[in-house]
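Single-structure report; data block below.
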Amino acid sequence: MNLINEPATLLIILGTGAGTALLLWKVRWMAALMSIISSAIAAGVVIHTGLLGKIASNEIWEFEIFNDLSLTLGTNWFSYLFLASIAVLAPLVLIYSWEPMRTRQKDRPFYGLFMISLVGAVGVTMARDLLTLFLFWELMTWPVILLIGDGRPRSGKAMKLYFGFGMLSASGILGILSIVSWSEGGVAYTDAVNAMADGSTGIRIAMVLLGAMAFGTKAALAPFHIWAPAAYGHTEDPFTAFFSGGLSKTGIYGAFLVVDVFIGTTILISYGSVNGLTPIGFFIAITGAITALIGGIMAMMQDDAKKLLAYSSISQLGYIFVGLGVGGSTATAGALYHVLNHTAFKAVLFMGLGAVIYRTGEYRLSKLGGMIHVMPLTFWCFLVGIFAAAAIPITSGLASKWLIYEGALEKGVGILVPILFLASAAAFLYSFRILQGGFMGQLRDEFKDIKEAPITMLIPMIIIMIALIVVAFIPGLPMELISRAMADIGMEAPEYSLISLESGVGSYSGLVVMLAVVAGFITAVLMFFSRPLGRHIDLRDTFTAGEEPIPNMDKRYHYAWKFYAPYERFLRPYFNNWIGKGWAKVYKVSSQVARLHRSVMNGDMTGYIWLIFGAMVLVGMVLYRYGGWF
Amino acid sequence: MTFSTTSWVMIFLTPILAFILGHLFLGISRKFTARIHRRVGPPVMQQFIDVMKLFGKRESTTHSWVQDMGALFAVIGVIASILFIPIGGEAVLSFQGDLIVLAYLLVIAPLGMALGTGATGNPNSAIGVSRGLMLMMAYELPFAMVLVAVMLYYDTASLGDIVAAQKGAFNWAILALPLSAIAADLSLQAMLGEKPFDQPVAPSEIASGPMVEFGGKYLGMLMVWHAMSIVVEAGLFVDLFLGGGVIFPGDSVLGLIGNIIVWAILALMMWLISVSINTVFGRFKMGQSLKFYWGVPTLLALLSLSYVVISNLGVI
């Protein structure tokens, strides 16, 4: 069984699912079933091949379109890491989607669009030349636009933003493609590597900037991040888990491809380095750190829970860019580890929130509250996700951030680590805000009778939750995959065993940390249960210093609006959407250019005929002068 | 992963030691504050009596199971983190998880407690927790810079190695990195929750904030957490800057006990410095604390950090 070496098989399985789901979209249960089955088979194939270890790194499968032009596909362990995280997440999200989509109005082919986007994302990780990458990239990007409009106010704006930044990202890839084909005459990845090896400094810098534009946009790197909160905030709830958890990883994959494969460590170091930290690497790392900080601080000011998680996603992806920029074995391993972690915990967070929204129809934290009393299982899954996002040691979240921190410390980058620490402090703040606003506090009367999330929504969440906790005991398990992936991009993984990780400056033993927590747990439980359990009293039976805070105390009093008001007052002036305003200026200029264009293309047929005639004359003159044809 | 007999004994003794020391520290501080106020003050053992009394209450009330969980989480977190702090030069578990792991372990207790208090449904506790978290973000910036400076200076993230590197006369980090030490002590004030940074509790404003709905054994659990976290935080400062209290050669049991006593005295000293600031200050507003921490302490920590980075580069 060597299926993945024929990546076509994988694409055919998924493509069949996508096609059927699209054709049968009016029969929703059929479309859902087809997409769940096909994506589950694809995930099974991916896992099976990975477990057997049969990834032939150098085999390339070609599909000839024209004489000279062929699409090339292949996998190595490096792209397998991304492929696996996307392909395994997809069936979980699709199963999760079953219940919320069942009752939704049939206004768009949800499953079909989902599956096309999945085919695109899988294709991106398997592409072996830039043209194929571009085609699959577009296939992945455009179906999503139809899933963004969720009918809430401003969702149209989110759609437009996504469209604009999708164009930006596409033109970035086209730019890379044209640089490579112009200098090497081919578009394969090997040509890109050669182009960078032969090219001048200018071409290399252009490559980095175009890469940031193309892939940084998808991974929401500042300053290309402003589409993400809008788009994640307005996507169909079930899809957001895959959008943020899965699709954003293709951007990370592309960034790794540009920095670590096309350009490579040798070229980066040729521009000088301090402790192995290169100027380009430092530039990427500091951008990533600032992204992490902006994302974290913006997240803690949100009342819209989906936007909060979207900003948190931006912040977490910033950490990955820090790992990528710092480079070296420890930080790169940390970045790849964080890819896996982020896929899992962001999916579970959006799923948990989606379950709450599905049951209550409310996404504003100030209107929610008290969900622990009605949806306890969802709360547990969400809590573990939050713990992983905030890197609390009882989940797998710590291992990846630990590696990134240690990598930065090894290279002596003093300024990055405090910024990241501040970003992670902001992570505690937004984590608690969403917990307090959504799940803690007093329960509203209208939500008294809602039920726990349906079983089809719970199962995917519980699977991911268990994975996050188990990996906390054995942080070396994902390192098996990561070390192989790093070998494929010519790097050596840091030392690790199943239960512990080592870096140049310290060590982290997941098992010992967890055992210490268990020891604390036993002591605390003994202390706690030495006395009888407390008597349960009503949520409204609280201390109010003898006063009624609001007349008629049977109304609830939930502290969630402007939760961090003193900080908002202090920080707002510095985070006043200046990046967004900058982009608005870009939009203004480009729309003026477009107006010029429109004044020519005014729909008047005679004008077009004159234009065509003029163009023919011009072409003819050029050919006469230079081509010697006439 | 091999532990000597001493390590095993220390793993079991450390939480008990922290429990006793924490309550002793709180008792001494109450006496200390009283003397500054020219009162007699309660006996030093009052804290033990208080905790015993709270656990002895016949009945306590709870609003939900998450409140129970919060009380548990607070004690779990603090016990887990004390095991990773070297005591008297004896690195209990600190070679299994370094400073970065510890920095995140320290968060389990407050975040868990915050969960429990949030679940009570009392808005005062939510306000208290929000203030506590904001305060954490304020002091995290200078404190992170301090941690990074120390880690880069000794070229290790392991707290055990940092303590070992400070062995010997006048080798303490407080002499090598005085500005970092000052910034760290200023951060310690908020970490310990003493005035002027006691906004999270603020008894007169928000009815003791997080603790408002906690009574009986629930309050007892939180008091145990508070007492032990004082030992953790003051002890962390001693390990980072005061050589971990290592004065005697630690290979004999007697020397180890001596070191632990020195460590405890130094930690008590740090705690009393904080308490004496507490007695003479009023309470800041939240915005003021943020401005304070992102001002002078950050500047001091940044200066010290740049000194370490530049000297590591070999320029000076």
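For the structure tokens, the naming scheme is as follows: chains receive sequential letters (A, B, ...) according to their order of presentation, residues are indexed from 1 within each chain, and ligands are indexed from 1 in presentation order.
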Practice task
With a distance threshold of 7 Å and counting only C-alpha atoms, extract the residues of chain A near chain B and express them as a PyMOL selection string.
Solution key: chain A and resi 392-393+402+409+412+414+418+421-422+425-426+429+436+440-442+505-509+512+516-517+520-521+524-525+534-539+542-543+557-559+563-564+566-567+570
Generate a file of the selected residues that holds C-alpha atoms, formatted as a tab-separated table (two decimals), in the first residue's frame.
chain	number	residue	atom	x	y	z
A	392	ILE	CA	-0.60	26.05	30.59
A	393	PRO	CA	1.61	23.03	31.35
A	402	TRP	CA	8.87	26.37	25.23
A	409	LEU	CA	17.41	32.31	24.17
A	412	GLY	CA	20.81	35.43	22.63
A	414	GLY	CA	17.19	39.42	24.28
A	418	PRO	CA	9.99	39.72	26.64
A	421	PHE	CA	6.07	36.92	27.29
A	422	LEU	CA	3.92	40.03	27.10
A	425	ALA	CA	0.28	37.53	29.30
A	426	ALA	CA	-2.24	39.04	26.92
A	429	LEU	CA	-6.20	37.97	29.65
A	436	GLN	CA	-15.68	34.56	32.15
A	440	MET	CA	-18.75	31.79	34.05
A	441	GLY	CA	-20.97	34.28	35.76
A	442	GLN	CA	-24.71	34.14	36.01
A	505	VAL	CA	19.89	26.05	27.59
A	506	GLY	CA	17.37	23.94	29.44
A	507	SER	CA	15.09	20.96	29.52
A	508	TYR	CA	11.40	20.21	29.84
A	509	SER	CA	10.17	16.85	30.96
A	512	VAL	CA	7.68	14.94	35.42
A	516	ALA	CA	4.09	17.09	39.85
A	517	VAL	CA	0.65	18.34	38.89
A	520	GLY	CA	-0.51	18.49	43.71
A	521	PHE	CA	-3.89	17.15	42.68
A	524	ALA	CA	-5.39	19.14	47.13
A	525	VAL	CA	-8.07	16.47	46.85
A	534	GLY	CA	-20.25	22.48	50.35
A	535	ARG	CA	-23.98	23.11	50.24
A	536	HIS	CA	-25.16	24.26	46.83
A	537	ILE	CA	-26.79	27.67	46.75
A	538	ASP	CA	-28.39	29.63	43.96
A	539	LEU	CA	-26.29	31.78	41.65
A	542	THR	CA	-24.43	36.25	46.46
A	543	PHE	CA	-22.88	38.85	48.71
A	557	TYR	CA	-25.72	40.99	36.95
A	558	HIS	CA	-22.96	39.73	34.70
A	559	TYR	CA	-19.65	41.58	34.58
A	563	PHE	CA	-13.89	43.60	30.98
A	564	TYR	CA	-10.48	45.28	30.87
A	566	PRO	CA	-8.68	50.53	32.41
A	567	TYR	CA	-6.40	48.90	29.87
A	570	PHE	CA	-4.71	53.18	28.22
Practice task
Extract the full set of alpha helix (DSSP H) residues from range 431-468 of chain A according to DSSP on the backbone, and format it as a ChimeraX atom specification.
Solution key: /A:431-434,455-468
Handout entry: Selection: 8 Å around range 236-238 of chain B, only C-alpha atoms, excl. self and same-chain fewer than 2 positions, as a list in words
Key =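 In the requested format, the answer is Ile85, Ala184, Asp185, Val232, Glu233, Ala234, Leu240, Phe241, Leu242, Gly243, Gly244, Gly245, Trp263, Leu266, Ala267 and Met270 of chain B.
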Problem - Selected residue of minimal separation from Ile261 in chain B among B:Ile247, B:Met113, B:Leu186, B:Leu24, counting only C-alpha atoms - result: B:Ile247
Polymer residues at most 8 Å from range 230-232 of chain A, only C-alpha atoms, same-chain spacing of 3 or more positions, as a compact mmCIF listing (two decimals) with C-alpha atoms, in the first residue's frame:
# COMPACT_ATOMS: atom_id res chain seq x y z
CA ILE A 148 -17.99 34.10 4.74
CA SER A 155 -20.31 40.42 6.74
CA LYS A 157 -17.34 44.04 4.27
CA ALA A 158 -15.58 40.95 5.58
CA MET A 159 -16.17 39.27 2.24
CA LEU A 161 -11.64 42.30 2.67
CA TYR A 162 -11.08 38.59 2.16
CA ILE A 226 -6.60 42.77 9.00
CA TRP A 227 -8.77 40.48 6.90
CA THR A 235 -17.67 32.70 8.44
CA THR A 240 -14.39 28.59 11.09
CA PHE A 243 -10.64 27.96 8.29
CA SER A 244 -8.52 29.04 11.24
CA LYS A 306 -15.49 34.90 17.35
CA LYS A 307 -13.41 37.99 16.77
CA ALA A 310 -9.70 35.28 15.45
Practice task
Choose the residue, out of B:Met45, B:Ala190, B:Leu299, B:Ala183, that has the smallest atom-to-atom separation from Trp271 in chain B; count only C-alpha atoms.
Solution key: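 Using only C-alpha atoms, Trp271 in chain B sits closest to B:Ala190.
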